[in-house]
Amino acid sequence: MAKAMAIVGVAAMLAMAGCSSKKPAPINGGENNPNGSQIGENGVGKGGGNSLEDWKNGKFGAQGPLSDIHFAYNEYTIQEQDGSVLKSDASWLQAHPQTRVQVEGHCDERGSEEYNIALGAKRAQAAKDYLMTLGISGSRISTISYGKELPLCTEHDESCWSQNRRDHFAVSE
C-alpha cells in the first residue's frame, strides 16, 4: 500500500511539473541573439504596431506601406510571384533607412497549434532571409509567428485559407 501511495505521489508531482505557467523561451532569438527568429512576441521598436496590437485595438487587417506575401498549403518557400512583392518592399525599406519591420508568419486553420506556430516561424524567417539577400540589414528585421491565431478570413474553404497563409509586415521607427 505504501508503494502504491508513493507511486501516486510521484505521478502527481510529475503532472504538476508539466503544468508550468512559465512563458516558453524564444527559439533562435532573445537577448543573446536579438536579430534571430522568435516564435514568441518580440517588438520592433518604440511605436511599432503588429497584428496582435491591431487586433486588440479593433484595427486588424490594416495594410501598411509593405505588401503581404502568400504561401501554398504546408509550404514556407517564397513563390515566384512574391519575389517581385519582396523586391518592392525592399526598395521601400531602402528608401526609409530608419524604419524597422517585423515579419509576421500566419497560417490557415488546418493543422495543430504547434505545427502552425512552427510553420509560421519558417515563413517569417524565409521572408527575412529574402529581404536580407536584397540588401536589408537583418538588424532591422524581426520575426514572429502567430500560427493560425489571427486569421484574416474565418470561412472554412480554400479561398479563405489562402488569404490566411501569409507573411504580414508591420513597420515601425
# chains A, B, ... in the order shown; residues from 1 in each chain; ligands from 1
>>> residues_around(residues="Val103 of chain A", least_positions_apart="5", cutoff="6 Å", atoms="only C-alpha atoms", output="PDB file with N, CA and C atoms, in the first residue's frame")
ATOM      1  N   ALA A 124       8.059  33.362 -41.761  1.00  0.00           N
ATOM      2  CA  ALA A 124       8.613  34.675 -41.419  1.00  0.00           C
ATOM      3  C   ALA A 124      10.119  34.703 -41.665  1.00  0.00           C
ATOM      4  N   THR A 143      11.196  38.735 -36.446  1.00  0.00           N
ATOM      5  CA  THR A 143      10.172  37.808 -36.893  1.00  0.00           C
ATOM      6  C   THR A 143       9.318  37.343 -35.720  1.00  0.00           C
ATOM      7  N   HIS A 168       2.880  38.952 -43.010  1.00  0.00           N
ATOM      8  CA  HIS A 168       2.468  40.354 -42.926  1.00  0.00           C
ATOM      9  C   HIS A 168       3.673  41.132 -42.402  1.00  0.00           C
ATOM     10  N   PHE A 169       3.834  42.357 -42.854  1.00  0.00           N
ATOM     11  CA  PHE A 169       4.987  43.189 -42.497  1.00  0.00           C
ATOM     12  C   PHE A 169       4.523  44.399 -41.700  1.00  0.00           C
TER      13      PHE A 169
END
>>> select_by_dssp(residues="segment 142-173 of chain A", states="strand (DSSP E)", output="list in words")
Ser142, Thr143, Ile144, Ser145, Tyr146, Gly147, Arg166, Asp167, His168, Phe169, Ala170, Val171 and Ser172 of chain A
>>> write_last_selection(atoms="N, CA and C atoms", output="short mmCIF file (atom, residue, chain, number, x, y, z; two decimals), in the first residue's frame")
data_model
loop_
_atom_site.label_atom_id
_atom_site.label_comp_id
_atom_site.auth_asym_id
_atom_site.auth_seq_id
_atom_site.Cartn_x
_atom_site.Cartn_y
_atom_site.Cartn_z
N SER A 142 12.75 41.80 -37.54
CA SER A 142 12.48 40.78 -36.53
C SER A 142 11.36 39.88 -37.06
N THR A 143 11.20 38.74 -36.45
CA THR A 143 10.17 37.81 -36.89
C THR A 143 9.32 37.34 -35.72
N ILE A 144 8.10 36.94 -36.04
CA ILE A 144 7.19 36.37 -35.04
C ILE A 144 6.24 35.44 -35.79
N SER A 145 5.78 34.41 -35.11
CA SER A 145 4.78 33.53 -35.69
C SER A 145 3.50 33.63 -34.88
N TYR A 146 2.40 33.87 -35.57
CA TYR A 146 1.09 33.83 -34.94
C TYR A 146 0.36 32.53 -35.27
N GLY A 147 0.98 31.67 -36.07
CA GLY A 147 0.33 30.41 -36.43
C GLY A 147 -1.04 30.68 -37.03
N ARG A 166 0.07 33.58 -44.96
CA ARG A 166 0.75 34.80 -45.40
C ARG A 166 1.85 35.22 -44.43
N ASP A 167 2.67 36.13 -44.93
CA ASP A 167 3.57 36.93 -44.09
C ASP A 167 3.05 38.35 -44.16
N HIS A 168 2.88 38.95 -43.01
CA HIS A 168 2.47 40.35 -42.93
C HIS A 168 3.67 41.13 -42.40
N PHE A 169 3.83 42.36 -42.85
CA PHE A 169 4.99 43.19 -42.50
C PHE A 169 4.52 44.40 -41.70
N ALA A 170 4.85 44.41 -40.41
CA ALA A 170 4.47 45.52 -39.54
C ALA A 170 5.68 46.45 -39.42
N VAL A 171 5.49 47.71 -39.75
CA VAL A 171 6.57 48.70 -39.82
C VAL A 171 6.58 49.59 -38.59
N SER A 172 7.77 49.92 -38.12
CA SER A 172 7.93 50.87 -37.02
C SER A 172 9.22 51.66 -37.22
#
>>> atom_distance(atom1="atom CA of Ile78 of chain A", atom2="atom CA of Ala95 of chain A")
23.1 Å
>>> select_by_dssp(residues="segment 43-152 of chain A", states="alpha helix (DSSP H)", output="PDB file with N, CA, C and O atoms, in the first residue's frame")
ATOM      1  N   SER A  51       0.128  42.849 -35.747  1.00  0.00           N
ATOM      2  CA  SER A  51      -1.231  42.339 -35.912  1.00  0.00           C
ATOM      3  C   SER A  51      -1.926  42.110 -34.585  1.00  0.00           C
ATOM      4  O   SER A  51      -3.124  42.342 -34.469  1.00  0.00           O
ATOM      5  N   LEU A  52      -1.187  41.663 -33.577  1.00  0.00           N
ATOM      6  CA  LEU A  52      -1.807  41.433 -32.278  1.00  0.00           C
ATOM      7  C   LEU A  52      -2.274  42.751 -31.665  1.00  0.00           C
ATOM      8  O   LEU A  52      -3.397  42.851 -31.177  1.00  0.00           O
ATOM      9  N   GLU A  53      -1.445  43.794 -31.715  1.00  0.00           N
ATOM     10  CA  GLU A  53      -1.852  45.116 -31.219  1.00  0.00           C
ATOM     11  C   GLU A  53      -3.043  45.641 -32.014  1.00  0.00           C
ATOM     12  O   GLU A  53      -3.994  46.168 -31.439  1.00  0.00           O
ATOM     13  N   ASP A  54      -2.991  45.494 -33.334  1.00  0.00           N
ATOM     14  CA  ASP A  54      -4.097  45.951 -34.176  1.00  0.00           C
ATOM     15  C   ASP A  54      -5.382  45.223 -33.814  1.00  0.00           C
ATOM     16  O   ASP A  54      -6.451  45.825 -33.743  1.00  0.00           O
ATOM     17  N   TRP A  55      -5.284  43.914 -33.608  1.00  0.00           N
ATOM     18  CA  TRP A  55      -6.462  43.116 -33.249  1.00  0.00           C
ATOM     19  C   TRP A  55      -7.037  43.594 -31.921  1.00  0.00           C
ATOM     20  O   TRP A  55      -8.239  43.769 -31.791  1.00  0.00           O
ATOM     21  N   LYS A  56      -6.165  43.841 -30.935  1.00  0.00           N
ATOM     22  CA  LYS A  56      -6.626  44.317 -29.631  1.00  0.00           C
ATOM     23  C   LYS A  56      -7.281  45.684 -29.727  1.00  0.00           C
ATOM     24  O   LYS A  56      -8.190  46.004 -28.975  1.00  0.00           O
ATOM     25  N   GLU A  80       7.347  32.469 -56.758  1.00  0.00           N
ATOM     26  CA  GLU A  80       7.899  33.351 -57.789  1.00  0.00           C
ATOM     27  C   GLU A  80       7.207  34.708 -57.820  1.00  0.00           C
ATOM     28  O   GLU A  80       7.863  35.745 -57.871  1.00  0.00           O
ATOM     29  N   GLN A  81       5.878  34.727 -57.761  1.00  0.00           N
ATOM     30  CA  GLN A  81       5.150  35.995 -57.842  1.00  0.00           C
ATOM     31  C   GLN A  81       5.412  36.880 -56.626  1.00  0.00           C
ATOM     32  O   GLN A  81       5.261  38.096 -56.695  1.00  0.00           O
ATOM     33  N   ASP A  82       5.813  36.289 -55.503  1.00  0.00           N
ATOM     34  CA  ASP A  82       6.085  37.085 -54.310  1.00  0.00           C
ATOM     35  C   ASP A  82       7.495  37.657 -54.294  1.00  0.00           C
ATOM     36  O   ASP A  82       7.793  38.548 -53.505  1.00  0.00           O
ATOM     37  N   GLY A  83       8.362  37.175 -55.185  1.00  0.00           N
ATOM     38  CA  GLY A  83       9.702  37.760 -55.305  1.00  0.00           C
ATOM     39  C   GLY A  83       9.613  39.228 -55.688  1.00  0.00           C
ATOM     40  O   GLY A  83      10.321  40.077 -55.133  1.00  0.00           O
ATOM     41  N   SER A  84       8.726  39.553 -56.611  1.00  0.00           N
ATOM     42  CA  SER A  84       8.575  40.958 -57.021  1.00  0.00           C
ATOM     43  C   SER A  84       7.965  41.792 -55.898  1.00  0.00           C
ATOM     44  O   SER A  84       8.307  42.967 -55.730  1.00  0.00           O
ATOM     45  N   VAL A  85       7.072  41.198 -55.102  1.00  0.00           N
ATOM     46  CA  VAL A  85       6.493  41.908 -53.959  1.00  0.00           C
ATOM     47  C   VAL A  85       7.595  42.228 -52.948  1.00  0.00           C
ATOM     48  O   VAL A  85       7.699  43.362 -52.455  1.00  0.00           O
ATOM     49  N   LEU A  86       8.447  41.247 -52.652  1.00  0.00           N
ATOM     50  CA  LEU A  86       9.528  41.469 -51.691  1.00  0.00           C
ATOM     51  C   LEU A  86      10.565  42.461 -52.228  1.00  0.00           C
ATOM     52  O   LEU A  86      11.129  43.235 -51.450  1.00  0.00           O
ATOM     53  N   LYS A  87      10.798  42.465 -53.525  1.00  0.00           N
ATOM     54  CA  LYS A  87      11.718  43.453 -54.107  1.00  0.00           C
ATOM     55  C   LYS A  87      11.156  44.856 -53.936  1.00  0.00           C
ATOM     56  O   LYS A  87      11.896  45.790 -53.607  1.00  0.00           O
ATOM     57  N   SER A  88       9.865  45.015 -54.128  1.00  0.00           N
ATOM     58  CA  SER A  88       9.223  46.311 -53.920  1.00  0.00           C
ATOM     59  C   SER A  88       9.295  46.711 -52.441  1.00  0.00           C
ATOM     60  O   SER A  88       9.580  47.871 -52.114  1.00  0.00           O
ATOM     61  N   ASP A  89       9.037  45.750 -51.545  1.00  0.00           N
ATOM     62  CA  ASP A  89       9.134  46.020 -50.112  1.00  0.00           C
ATOM     63  C   ASP A  89      10.563  46.434 -49.738  1.00  0.00           C
ATOM     64  O   ASP A  89      10.771  47.362 -48.964  1.00  0.00           O
ATOM     65  N   ALA A  90      11.558  45.740 -50.313  1.00  0.00           N
ATOM     66  CA  ALA A  90      12.958  46.067 -50.027  1.00  0.00           C
ATOM     67  C   ALA A  90      13.299  47.470 -50.525  1.00  0.00           C
ATOM     68  O   ALA A  90      14.021  48.215 -49.850  1.00  0.00           O
ATOM     69  N   SER A  91      12.778  47.859 -51.685  1.00  0.00           N
ATOM     70  CA  SER A  91      13.022  49.218 -52.204  1.00  0.00           C
ATOM     71  C   SER A  91      12.465  50.255 -51.245  1.00  0.00           C
ATOM     72  O   SER A  91      13.108  51.274 -50.976  1.00  0.00           O
ATOM     73  N   TRP A  92      11.271  50.009 -50.717  1.00  0.00           N
ATOM     74  CA  TRP A  92      10.678  50.940 -49.761  1.00  0.00           C
ATOM     75  C   TRP A  92      11.532  51.012 -48.496  1.00  0.00           C
ATOM     76  O   TRP A  92      11.789  52.100 -47.968  1.00  0.00           O
ATOM     77  N   LEU A  93      11.980  49.862 -48.012  1.00  0.00           N
ATOM     78  CA  LEU A  93      12.816  49.845 -46.799  1.00  0.00           C
ATOM     79  C   LEU A  93      14.149  50.555 -47.028  1.00  0.00           C
ATOM     80  O   LEU A  93      14.645  51.250 -46.142  1.00  0.00           O
ATOM     81  N   GLN A  94      14.726  50.408 -48.226  1.00  0.00           N
ATOM     82  CA  GLN A  94      15.978  51.105 -48.538  1.00  0.00           C
ATOM     83  C   GLN A  94      15.765  52.618 -48.574  1.00  0.00           C
ATOM     84  O   GLN A  94      16.638  53.382 -48.179  1.00  0.00           O
ATOM     85  N   ALA A  95      14.612  53.060 -49.019  1.00  0.00           N
ATOM     86  CA  ALA A  95      14.291  54.485 -49.067  1.00  0.00           C
ATOM     87  C   ALA A  95      13.958  55.046 -47.682  1.00  0.00           C
ATOM     88  O   ALA A  95      13.923  56.266 -47.508  1.00  0.00           O
ATOM     89  N   GLU A 113      -1.910  23.469 -33.371  1.00  0.00           N
ATOM     90  CA  GLU A 113      -1.365  24.767 -32.978  1.00  0.00           C
ATOM     91  C   GLU A 113       0.163  24.749 -33.054  1.00  0.00           C
ATOM     92  O   GLU A 113       0.774  25.681 -33.567  1.00  0.00           O
ATOM     93  N   GLU A 114       0.777  23.680 -32.554  1.00  0.00           N
ATOM     94  CA  GLU A 114       2.241  23.576 -32.547  1.00  0.00           C
ATOM     95  C   GLU A 114       2.807  23.582 -33.964  1.00  0.00           C
ATOM     96  O   GLU A 114       3.787  24.257 -34.256  1.00  0.00           O
ATOM     97  N   TYR A 115       2.169  22.798 -34.844  1.00  0.00           N
ATOM     98  CA  TYR A 115       2.630  22.726 -36.228  1.00  0.00           C
ATOM     99  C   TYR A 115       2.546  24.102 -36.889  1.00  0.00           C
ATOM    100  O   TYR A 115       3.476  24.537 -37.569  1.00  0.00           O
ATOM    101  N   ASN A 116       1.430  24.797 -36.701  1.00  0.00           N
ATOM    102  CA  ASN A 116       1.237  26.092 -37.345  1.00  0.00           C
ATOM    103  C   ASN A 116       2.144  27.171 -36.770  1.00  0.00           C
ATOM    104  O   ASN A 116       2.588  28.056 -37.511  1.00  0.00           O
ATOM    105  N   ILE A 117       2.447  27.113 -35.492  1.00  0.00           N
ATOM    106  CA  ILE A 117       3.407  28.070 -34.920  1.00  0.00           C
ATOM    107  C   ILE A 117       4.776  27.864 -35.570  1.00  0.00           C
ATOM    108  O   ILE A 117       5.445  28.825 -35.978  1.00  0.00           O
ATOM    109  N   ALA A 118       5.192  26.609 -35.705  1.00  0.00           N
ATOM    110  CA  ALA A 118       6.490  26.320 -36.333  1.00  0.00           C
ATOM    111  C   ALA A 118       6.482  26.720 -37.811  1.00  0.00           C
ATOM    112  O   ALA A 118       7.455  27.314 -38.308  1.00  0.00           O
ATOM    113  N   LEU A 119       5.397  26.425 -38.522  1.00  0.00           N
ATOM    114  CA  LEU A 119       5.304  26.782 -39.934  1.00  0.00           C
ATOM    115  C   LEU A 119       5.306  28.301 -40.119  1.00  0.00           C
ATOM    116  O   LEU A 119       5.988  28.832 -41.001  1.00  0.00           O
ATOM    117  N   GLY A 120       4.581  29.017 -39.273  1.00  0.00           N
ATOM    118  CA  GLY A 120       4.576  30.483 -39.341  1.00  0.00           C
ATOM    119  C   GLY A 120       5.963  31.060 -39.103  1.00  0.00           C
ATOM    120  O   GLY A 120       6.368  32.031 -39.748  1.00  0.00           O
ATOM    121  N   ALA A 121       6.712  30.452 -38.179  1.00  0.00           N
ATOM    122  CA  ALA A 121       8.085  30.912 -37.907  1.00  0.00           C
ATOM    123  C   ALA A 121       8.978  30.697 -39.127  1.00  0.00           C
ATOM    124  O   ALA A 121       9.795  31.558 -39.473  1.00  0.00           O
ATOM    125  N   LYS A 122       8.815  29.560 -39.800  1.00  0.00           N
ATOM    126  CA  LYS A 122       9.602  29.286 -41.008  1.00  0.00           C
ATOM    127  C   LYS A 122       9.239  30.263 -42.121  1.00  0.00           C
ATOM    128  O   LYS A 122      10.107  30.716 -42.869  1.00  0.00           O
ATOM    129  N   ARG A 123       7.961  30.586 -42.242  1.00  0.00           N
ATOM    130  CA  ARG A 123       7.525  31.536 -43.267  1.00  0.00           C
ATOM    131  C   ARG A 123       8.109  32.924 -43.003  1.00  0.00           C
ATOM    132  O   ARG A 123       8.598  33.585 -43.918  1.00  0.00           O
ATOM    133  N   ALA A 124       8.059  33.362 -41.761  1.00  0.00           N
ATOM    134  CA  ALA A 124       8.613  34.675 -41.419  1.00  0.00           C
ATOM    135  C   ALA A 124      10.119  34.703 -41.665  1.00  0.00           C
ATOM    136  O   ALA A 124      10.657  35.684 -42.199  1.00  0.00           O
ATOM    137  N   GLN A 125      10.803  33.638 -41.291  1.00  0.00           N
ATOM    138  CA  GLN A 125      12.258  33.576 -41.489  1.00  0.00           C
ATOM    139  C   GLN A 125      12.604  33.567 -42.975  1.00  0.00           C
ATOM    140  O   GLN A 125      13.590  34.185 -43.386  1.00  0.00           O
ATOM    141  N   ALA A 126      11.806  32.883 -43.794  1.00  0.00           N
ATOM    142  CA  ALA A 126      12.063  32.853 -45.241  1.00  0.00           C
ATOM    143  C   ALA A 126      11.988  34.260 -45.830  1.00  0.00           C
ATOM    144  O   ALA A 126      12.831  34.643 -46.652  1.00  0.00           O
ATOM    145  N   ALA A 127      10.999  35.043 -45.415  1.00  0.00           N
ATOM    146  CA  ALA A 127      10.885  36.413 -45.913  1.00  0.00           C
ATOM    147  C   ALA A 127      12.039  37.271 -45.410  1.00  0.00           C
ATOM    148  O   ALA A 127      12.587  38.089 -46.162  1.00  0.00           O
ATOM    149  N   LYS A 128      12.412  37.097 -44.147  1.00  0.00           N
ATOM    150  CA  LYS A 128      13.553  37.845 -43.607  1.00  0.00           C
ATOM    151  C   LYS A 128      14.813  37.526 -44.405  1.00  0.00           C
ATOM    152  O   LYS A 128      15.542  38.432 -44.818  1.00  0.00           O
ATOM    153  N   ASP A 129      15.068  36.256 -44.625  1.00  0.00           N
ATOM    154  CA  ASP A 129      16.250  35.853 -45.390  1.00  0.00           C
ATOM    155  C   ASP A 129      16.235  36.452 -46.793  1.00  0.00           C
ATOM    156  O   ASP A 129      17.257  36.929 -47.292  1.00  0.00           O
ATOM    157  N   TYR A 130      15.083  36.465 -47.433  1.00  0.00           N
ATOM    158  CA  TYR A 130      14.956  37.009 -48.786  1.00  0.00           C
ATOM    159  C   TYR A 130      15.254  38.506 -48.772  1.00  0.00           C
ATOM    160  O   TYR A 130      16.001  39.012 -49.624  1.00  0.00           O
ATOM    161  N   LEU A 131      14.669  39.228 -47.810  1.00  0.00           N
ATOM    162  CA  LEU A 131      14.932  40.669 -47.714  1.00  0.00           C
ATOM    163  C   LEU A 131      16.413  40.951 -47.463  1.00  0.00           C
ATOM    164  O   LEU A 131      16.970  41.912 -47.990  1.00  0.00           O
ATOM    165  N   MET A 132      17.061  40.102 -46.682  1.00  0.00           N
ATOM    166  CA  MET A 132      18.489  40.281 -46.418  1.00  0.00           C
ATOM    167  C   MET A 132      19.303  40.077 -47.694  1.00  0.00           C
ATOM    168  O   MET A 132      20.286  40.789 -47.911  1.00  0.00           O
ATOM    169  N   THR A 133      18.897  39.140 -48.574  1.00  0.00           N
ATOM    170  CA  THR A 133      19.619  38.958 -49.840  1.00  0.00           C
ATOM    171  C   THR A 133      19.447  40.166 -50.750  1.00  0.00           C
ATOM    172  O   THR A 133      20.250  40.375 -51.659  1.00  0.00           O
TER     173      THR A 133
END
>>> atom_distance(atom1="atom CA of Asn74 of chain A", atom2="atom CA of Arg140 of chain A")
27.4 Å
>>> closest_residue(among="A:Ile136, A:Glu109, A:His96, A:Ile141", to="Asn164 of chain A", atoms="only C-alpha atoms")
A:Glu109
>>> closest_residue(among="A:Ser112, A:Pro97, A:Glu173, A:Cys160", to="Lys148 of chain A", atoms="only C-alpha atoms")
A:Ser112
>>> closest_residue(among="A:Val101, A:Leu66, A:Ala72, A:Leu134", to="Ser159 of chain A", atoms="only C-alpha atoms")
A:Ala72
>>> atom_distance(atom1="atom CA of Thr77 of chain A", atom2="atom CA of Gln102 of chain A")
18.3 Å
>>> closest_residue(among="A:Thr99, A:Gln79, A:His106, A:Gly64", to="Trp161 of chain A", atoms="only C-alpha atoms")
A:His106
